[in-house]
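Trainee: Quick one: structure below, then a few questions.
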Amino acid sequence: MNKYFSECPFAPLYPSELNQDDIYYMKKAYNQALKAWKIGEVPIGAVIVLEGRIIASAHNLVEQNKDASAHAEMLAITQASNIIGDWRLNEATLYVTKEPCPMCSGACIMSRVGRVVFGSSDKKMGFLGGAININEVKTLNHTLQISPNILEEECTNLIQAFFEMKRAFASENKKIKDTNANT
Ligand SMILES: [Zn+2]
């Protein structure tokens with residue numbers, strides 16, 4: 001762990017409790033993403049809401065768990081299923097700060113999540129309209145309601161800043177290594 005991760009320059013968002021709309025829940029997912037940053041994980045967070053109540057909160061744990069499947073959405077889906085005692089999440093809404101990847105979009109289909117709300121679009125890996133829209137596969141037995149680009153700017157800035165910091169840290173490390181090698 002290095003200080004660049006622990007010194008996350010972004011502050012948590014405190015939404016008003018009076019208006020529990022999509023932005024409210026996305027801010028909760030955003031705060032999860034900040035927790036990921038602080039432990040050196042790509043800052044992506046998710047919450048699952050059922051009947052106006054957050055029943056699952058998670059963030060990316062790929063590095064810590066050494067598990068490529070430990071995406072925020074996957075962890076949140078497992079938590080939610082455990083809480084309600086059912087793998088079917090038809091009535092639930094998943095909020096995630098970045099558009100779900102192929103794996104997580106597939107997990108949303110398999111767990112029959114009712115609606116997915118995401119922040120930042122992902123043209124390379126996003127399977128809810130960014131690279132491809134999984135709903136276009138007409139043979140699937142479930143269709144997701146998709147609400148894109150909620151709190152988009154904040155979610156996008158967070159991920160971009162994280163990778164910029166990582167690149168800066170990597171080049172600084174390389175300089176130190178080169179200096180050591182030359183002395
Ligand atoms: Zn994913």
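All residue names refer to the structure tokens as shown: chains lettered A, B, ... in order, residues numbered from 1 in each chain, ligands numbered from 1 in order.
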Dump the neighbourhood of ligand 1 as a list in words: all residues within 8 Å, distances computed on only C-alpha atoms and all ligand atoms.
Mentor: Ser69, His71, Ala72, Glu73, Met74, Pro100, Cys101, Pro102, Met103, Cys104 and Ser105 of chain A
Trainee: Would you export the selected residues with N, CA and C atoms as a PDB file, in the first residue's frame, please?
Mentor:
ATOM      1  N   SER A  69     -13.314 -11.950 -10.260  1.00  0.00           N
ATOM      2  CA  SER A  69     -14.775 -11.840 -10.209  1.00  0.00           C
ATOM      3  C   SER A  69     -15.257 -10.933  -9.072  1.00  0.00           C
ATOM      4  N   HIS A  71     -15.874  -7.970  -8.529  1.00  0.00           N
ATOM      5  CA  HIS A  71     -16.356  -6.638  -8.902  1.00  0.00           C
ATOM      6  C   HIS A  71     -17.460  -6.213  -7.935  1.00  0.00           C
ATOM      7  N   ALA A  72     -17.620  -4.891  -7.791  1.00  0.00           N
ATOM      8  CA  ALA A  72     -18.612  -4.343  -6.854  1.00  0.00           C
ATOM      9  C   ALA A  72     -19.996  -4.954  -7.081  1.00  0.00           C
ATOM     10  N   GLU A  73     -20.394  -5.054  -8.347  1.00  0.00           N
ATOM     11  CA  GLU A  73     -21.747  -5.551  -8.663  1.00  0.00           C
ATOM     12  C   GLU A  73     -21.910  -7.010  -8.215  1.00  0.00           C
ATOM     13  N   MET A  74     -20.885  -7.829  -8.483  1.00  0.00           N
ATOM     14  CA  MET A  74     -20.963  -9.257  -8.144  1.00  0.00           C
ATOM     15  C   MET A  74     -21.118  -9.424  -6.627  1.00  0.00           C
ATOM     16  N   PRO A 100     -21.680  -1.692 -16.096  1.00  0.00           N
ATOM     17  CA  PRO A 100     -21.247  -3.074 -15.845  1.00  0.00           C
ATOM     18  C   PRO A 100     -20.528  -3.719 -17.035  1.00  0.00           C
ATOM     19  N   CYS A 101     -19.519  -4.515 -16.715  1.00  0.00           N
ATOM     20  CA  CYS A 101     -18.724  -5.255 -17.700  1.00  0.00           C
ATOM     21  C   CYS A 101     -19.530  -6.472 -18.188  1.00  0.00           C
ATOM     22  N   PRO A 102     -18.988  -7.269 -19.102  1.00  0.00           N
ATOM     23  CA  PRO A 102     -19.706  -8.463 -19.568  1.00  0.00           C
ATOM     24  C   PRO A 102     -20.107  -9.404 -18.426  1.00  0.00           C
ATOM     25  N   MET A 103     -19.183  -9.630 -17.506  1.00  0.00           N
ATOM     26  CA  MET A 103     -19.479 -10.543 -16.386  1.00  0.00           C
ATOM     27  C   MET A 103     -20.630 -10.016 -15.520  1.00  0.00           C
ATOM     28  N   CYS A 104     -20.540  -8.751 -15.145  1.00  0.00           N
ATOM     29  CA  CYS A 104     -21.547  -8.196 -14.231  1.00  0.00           C
ATOM     30  C   CYS A 104     -22.899  -7.994 -14.923  1.00  0.00           C
ATOM     31  N   SER A 105     -22.865  -7.630 -16.194  1.00  0.00           N
ATOM     32  CA  SER A 105     -24.126  -7.516 -16.942  1.00  0.00           C
ATOM     33  C   SER A 105     -24.776  -8.894 -17.002  1.00  0.00           C
TER      34      SER A 105
END
Trainee: Hey, what's within 9 Å of Lys35 (chain A) if we count only C-alpha atoms and toss same-chain stuff fewer than 6 positions away? As a PyMOL selection string, please?
Mentor: chain A and resi 41+43-45+59
Trainee: Find, counting only C-alpha atoms, the residue in A:Gly106, A:Pro148, A:Pro15, A:Pro9 that gets nearest to Ala161 (chain A).
Mentor: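 Smallest separation from Ala161 (chain A) among the options: A:Pro9.
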Trainee: Could you tell me which of A:Tyr95, A:Phe169, A:Tyr14, A:Tyr25 comes closest to Ala46 (chain A) if we count only C-alpha atoms?
Mentor: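 When distances to Ala46 (chain A) are compared using only C-alpha atoms, the smallest one comes from A:Tyr95.
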Trainee: DSSP on the backbone: which residues in region 38-162 of chain A end up as strand (DSSP E or B)? Give the answer as a PDB file with N, CA and C atoms, in the first residue's frame.
Mentor:
ATOM      1  N   GLY A  45     -18.058   1.464  -7.067  1.00  0.00           N
ATOM      2  CA  GLY A  45     -18.911   1.070  -5.947  1.00  0.00           C
ATOM      3  C   GLY A  45     -20.318   0.763  -6.421  1.00  0.00           C
ATOM      4  N   ALA A  46     -21.023  -0.021  -5.601  1.00  0.00           N
ATOM      5  CA  ALA A  46     -22.387  -0.404  -5.962  1.00  0.00           C
ATOM      6  C   ALA A  46     -23.265  -0.508  -4.721  1.00  0.00           C
ATOM      7  N   VAL A  47     -24.539  -0.200  -4.886  1.00  0.00           N
ATOM      8  CA  VAL A  47     -25.527  -0.517  -3.842  1.00  0.00           C
ATOM      9  C   VAL A  47     -26.737  -1.144  -4.534  1.00  0.00           C
ATOM     10  N   ILE A  48     -27.460  -1.967  -3.777  1.00  0.00           N
ATOM     11  CA  ILE A  48     -28.705  -2.538  -4.288  1.00  0.00           C
ATOM     12  C   ILE A  48     -29.832  -2.088  -3.377  1.00  0.00           C
ATOM     13  N   VAL A  49     -30.902  -1.612  -4.022  1.00  0.00           N
ATOM     14  CA  VAL A  49     -32.022  -1.021  -3.293  1.00  0.00           C
ATOM     15  C   VAL A  49     -33.287  -1.845  -3.542  1.00  0.00           C
ATOM     16  N   LEU A  50     -33.962  -2.155  -2.451  1.00  0.00           N
ATOM     17  CA  LEU A  50     -35.233  -2.872  -2.554  1.00  0.00           C
ATOM     18  C   LEU A  50     -36.248  -2.151  -1.683  1.00  0.00           C
ATOM     19  N   ARG A  53     -34.967   0.672   0.388  1.00  0.00           N
ATOM     20  CA  ARG A  53     -33.973   0.366   1.422  1.00  0.00           C
ATOM     21  C   ARG A  53     -32.715  -0.202   0.758  1.00  0.00           C
ATOM     22  N   ILE A  54     -31.544   0.267   1.210  1.00  0.00           N
ATOM     23  CA  ILE A  54     -30.289  -0.296   0.694  1.00  0.00           C
ATOM     24  C   ILE A  54     -30.064  -1.646   1.374  1.00  0.00           C
ATOM     25  N   ILE A  55     -30.057  -2.719   0.586  1.00  0.00           N
ATOM     26  CA  ILE A  55     -29.880  -4.052   1.170  1.00  0.00           C
ATOM     27  C   ILE A  55     -28.482  -4.615   0.915  1.00  0.00           C
ATOM     28  N   ALA A  56     -27.698  -3.931   0.068  1.00  0.00           N
ATOM     29  CA  ALA A  56     -26.324  -4.384  -0.184  1.00  0.00           C
ATOM     30  C   ALA A  56     -25.472  -3.197  -0.599  1.00  0.00           C
ATOM     31  N   SER A  57     -24.228  -3.177  -0.111  1.00  0.00           N
ATOM     32  CA  SER A  57     -23.253  -2.140  -0.481  1.00  0.00           C
ATOM     33  C   SER A  57     -21.917  -2.820  -0.681  1.00  0.00           C
ATOM     34  N   ALA A  58     -21.252  -2.527  -1.767  1.00  0.00           N
ATOM     35  CA  ALA A  58     -19.964  -3.183  -2.010  1.00  0.00           C
ATOM     36  C   ALA A  58     -19.099  -2.324  -2.914  1.00  0.00           C
ATOM     37  N   HIS A  59     -17.807  -2.620  -2.881  1.00  0.00           N
ATOM     38  CA  HIS A  59     -16.898  -1.991  -3.844  1.00  0.00           C
ATOM     39  C   HIS A  59     -15.947  -3.050  -4.360  1.00  0.00           C
ATOM     40  N   THR A  93     -33.165  -2.687  -7.523  1.00  0.00           N
ATOM     41  CA  THR A  93     -32.413  -1.813  -8.433  1.00  0.00           C
ATOM     42  C   THR A  93     -30.950  -1.806  -8.005  1.00  0.00           C
ATOM     43  N   LEU A  94     -30.076  -2.032  -8.967  1.00  0.00           N
ATOM     44  CA  LEU A  94     -28.631  -1.992  -8.729  1.00  0.00           C
ATOM     45  C   LEU A  94     -28.102  -0.639  -9.190  1.00  0.00           C
ATOM     46  N   TYR A  95     -27.410   0.044  -8.304  1.00  0.00           N
ATOM     47  CA  TYR A  95     -26.731   1.300  -8.642  1.00  0.00           C
ATOM     48  C   TYR A  95     -25.233   1.019  -8.659  1.00  0.00           C
ATOM     49  N   VAL A  96     -24.587   1.396  -9.749  1.00  0.00           N
ATOM     50  CA  VAL A  96     -23.132   1.173  -9.827  1.00  0.00           C
ATOM     51  C   VAL A  96     -22.501   2.368 -10.538  1.00  0.00           C
ATOM     52  N   THR A  97     -21.302   2.737 -10.062  1.00  0.00           N
ATOM     53  CA  THR A  97     -20.695   3.987 -10.540  1.00  0.00           C
ATOM     54  C   THR A  97     -20.170   3.878 -11.968  1.00  0.00           C
ATOM     55  N   LYS A  98     -19.916   2.658 -12.439  1.00  0.00           N
ATOM     56  CA  LYS A  98     -19.478   2.497 -13.834  1.00  0.00           C
ATOM     57  C   LYS A  98     -20.336   1.452 -14.525  1.00  0.00           C
ATOM     58  N   ARG A 115     -33.757  -3.322 -12.379  1.00  0.00           N
ATOM     59  CA  ARG A 115     -33.249  -2.114 -13.039  1.00  0.00           C
ATOM     60  C   ARG A 115     -31.788  -1.897 -12.655  1.00  0.00           C
ATOM     61  N   VAL A 116     -31.032  -1.429 -13.618  1.00  0.00           N
ATOM     62  CA  VAL A 116     -29.627  -1.092 -13.364  1.00  0.00           C
ATOM     63  C   VAL A 116     -29.432   0.382 -13.666  1.00  0.00           C
ATOM     64  N   VAL A 117     -28.887   1.111 -12.702  1.00  0.00           N
ATOM     65  CA  VAL A 117     -28.582   2.534 -12.861  1.00  0.00           C
ATOM     66  C   VAL A 117     -27.066   2.652 -12.788  1.00  0.00           C
ATOM     67  N   PHE A 118     -26.465   3.268 -13.813  1.00  0.00           N
ATOM     68  CA  PHE A 118     -25.008   3.405 -13.723  1.00  0.00           C
ATOM     69  C   PHE A 118     -24.561   4.847 -13.961  1.00  0.00           C
ATOM     70  N   GLY A 119     -23.331   5.140 -13.511  1.00  0.00           N
ATOM     71  CA  GLY A 119     -22.793   6.495 -13.594  1.00  0.00           C
ATOM     72  C   GLY A 119     -22.049   6.722 -14.895  1.00  0.00           C
ATOM     73  N   SER A 120     -20.831   6.198 -14.939  1.00  0.00           N
ATOM     74  CA  SER A 120     -19.937   6.442 -16.055  1.00  0.00           C
ATOM     75  C   SER A 120     -20.121   5.372 -17.134  1.00  0.00           C
ATOM     76  N   LEU A 128     -24.031  -2.604 -21.199  1.00  0.00           N
ATOM     77  CA  LEU A 128     -25.398  -2.087 -21.124  1.00  0.00           C
ATOM     78  C   LEU A 128     -25.550  -0.894 -22.070  1.00  0.00           C
ATOM     79  N   ASN A 133     -25.134  -3.732 -26.078  1.00  0.00           N
ATOM     80  CA  ASN A 133     -26.255  -3.732 -25.127  1.00  0.00           C
ATOM     81  C   ASN A 133     -26.786  -5.160 -24.994  1.00  0.00           C
ATOM     82  N   GLN A 145     -34.051  -3.124 -17.181  1.00  0.00           N
ATOM     83  CA  GLN A 145     -34.321  -1.689 -17.351  1.00  0.00           C
ATOM     84  C   GLN A 145     -33.001  -0.987 -17.080  1.00  0.00           C
ATOM     85  N   ILE A 146     -32.626  -0.089 -17.950  1.00  0.00           N
ATOM     86  CA  ILE A 146     -31.313   0.555 -17.812  1.00  0.00           C
ATOM     87  C   ILE A 146     -31.484   2.069 -17.707  1.00  0.00           C
ATOM     88  N   SER A 147     -30.892   2.650 -16.659  1.00  0.00           N
ATOM     89  CA  SER A 147     -30.866   4.117 -16.529  1.00  0.00           C
ATOM     90  C   SER A 147     -29.405   4.558 -16.523  1.00  0.00           C
TER      91      SER A 147
END
Trainee: Taking only C-alpha atoms into account, which of A:Leu144, A:Asn82, A:Leu34, A:Ile150 comes nearest Cys8 (chain A)?
Mentor: A:Leu34
Trainee: Report the residues of region 74-117 of chain A whose backbone DSSP state falls under helix (DSSP H, G or I), written as a PyMOL selection string.
Mentor: chain A and resi 74-84+102-110
Trainee: So which one's closest to Leu151 (chain A), A:Leu13, A:Ala70, A:Glu136, A:Asn65? Using only C-alpha atoms, please.
Mentor: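 Selected residue with least distance to Leu151 (chain A): A:Leu13.
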Trainee: Would you please work out which residue, of A:Gln79, A:Gly52, A:Val62, A:Gln20, is nearest to Ile39 (chain A) when using only C-alpha atoms?
Mentor: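 Comparing A:Gln79, A:Gly52, A:Val62, A:Gln20 against Ile39 (chain A), the winner is A:Val62.
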Trainee: Which one of A:Leu18, A:Leu158, A:Ala107, A:Met165 sits closest to Gln32 (chain A) if you count only C-alpha atoms?
Mentor: A:Leu158
Trainee: Could you tell me how far CA of Gly40 (chain A) sits from CA of Thr156 (chain A), in Å to one decimal place?
Mentor: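 Computed distance, CA of Thr156 (chain A) to CA of Gly40 (chain A), equals 17.2 Å.
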Trainee: Could you please determine the separation between CA of Leu61 (chain A) and CA of Leu75 (chain A) in Å, to one decimal place?
Mentor: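 Computed distance, CA of Leu61 (chain A) to CA of Leu75 (chain A), equals 8.7 Å.
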Trainee: Between CA of Phe162 (chain A) and CA of Asn60 (chain A), what is the distance in Å, rounded to a tenth?
Mentor: 13.4 Å
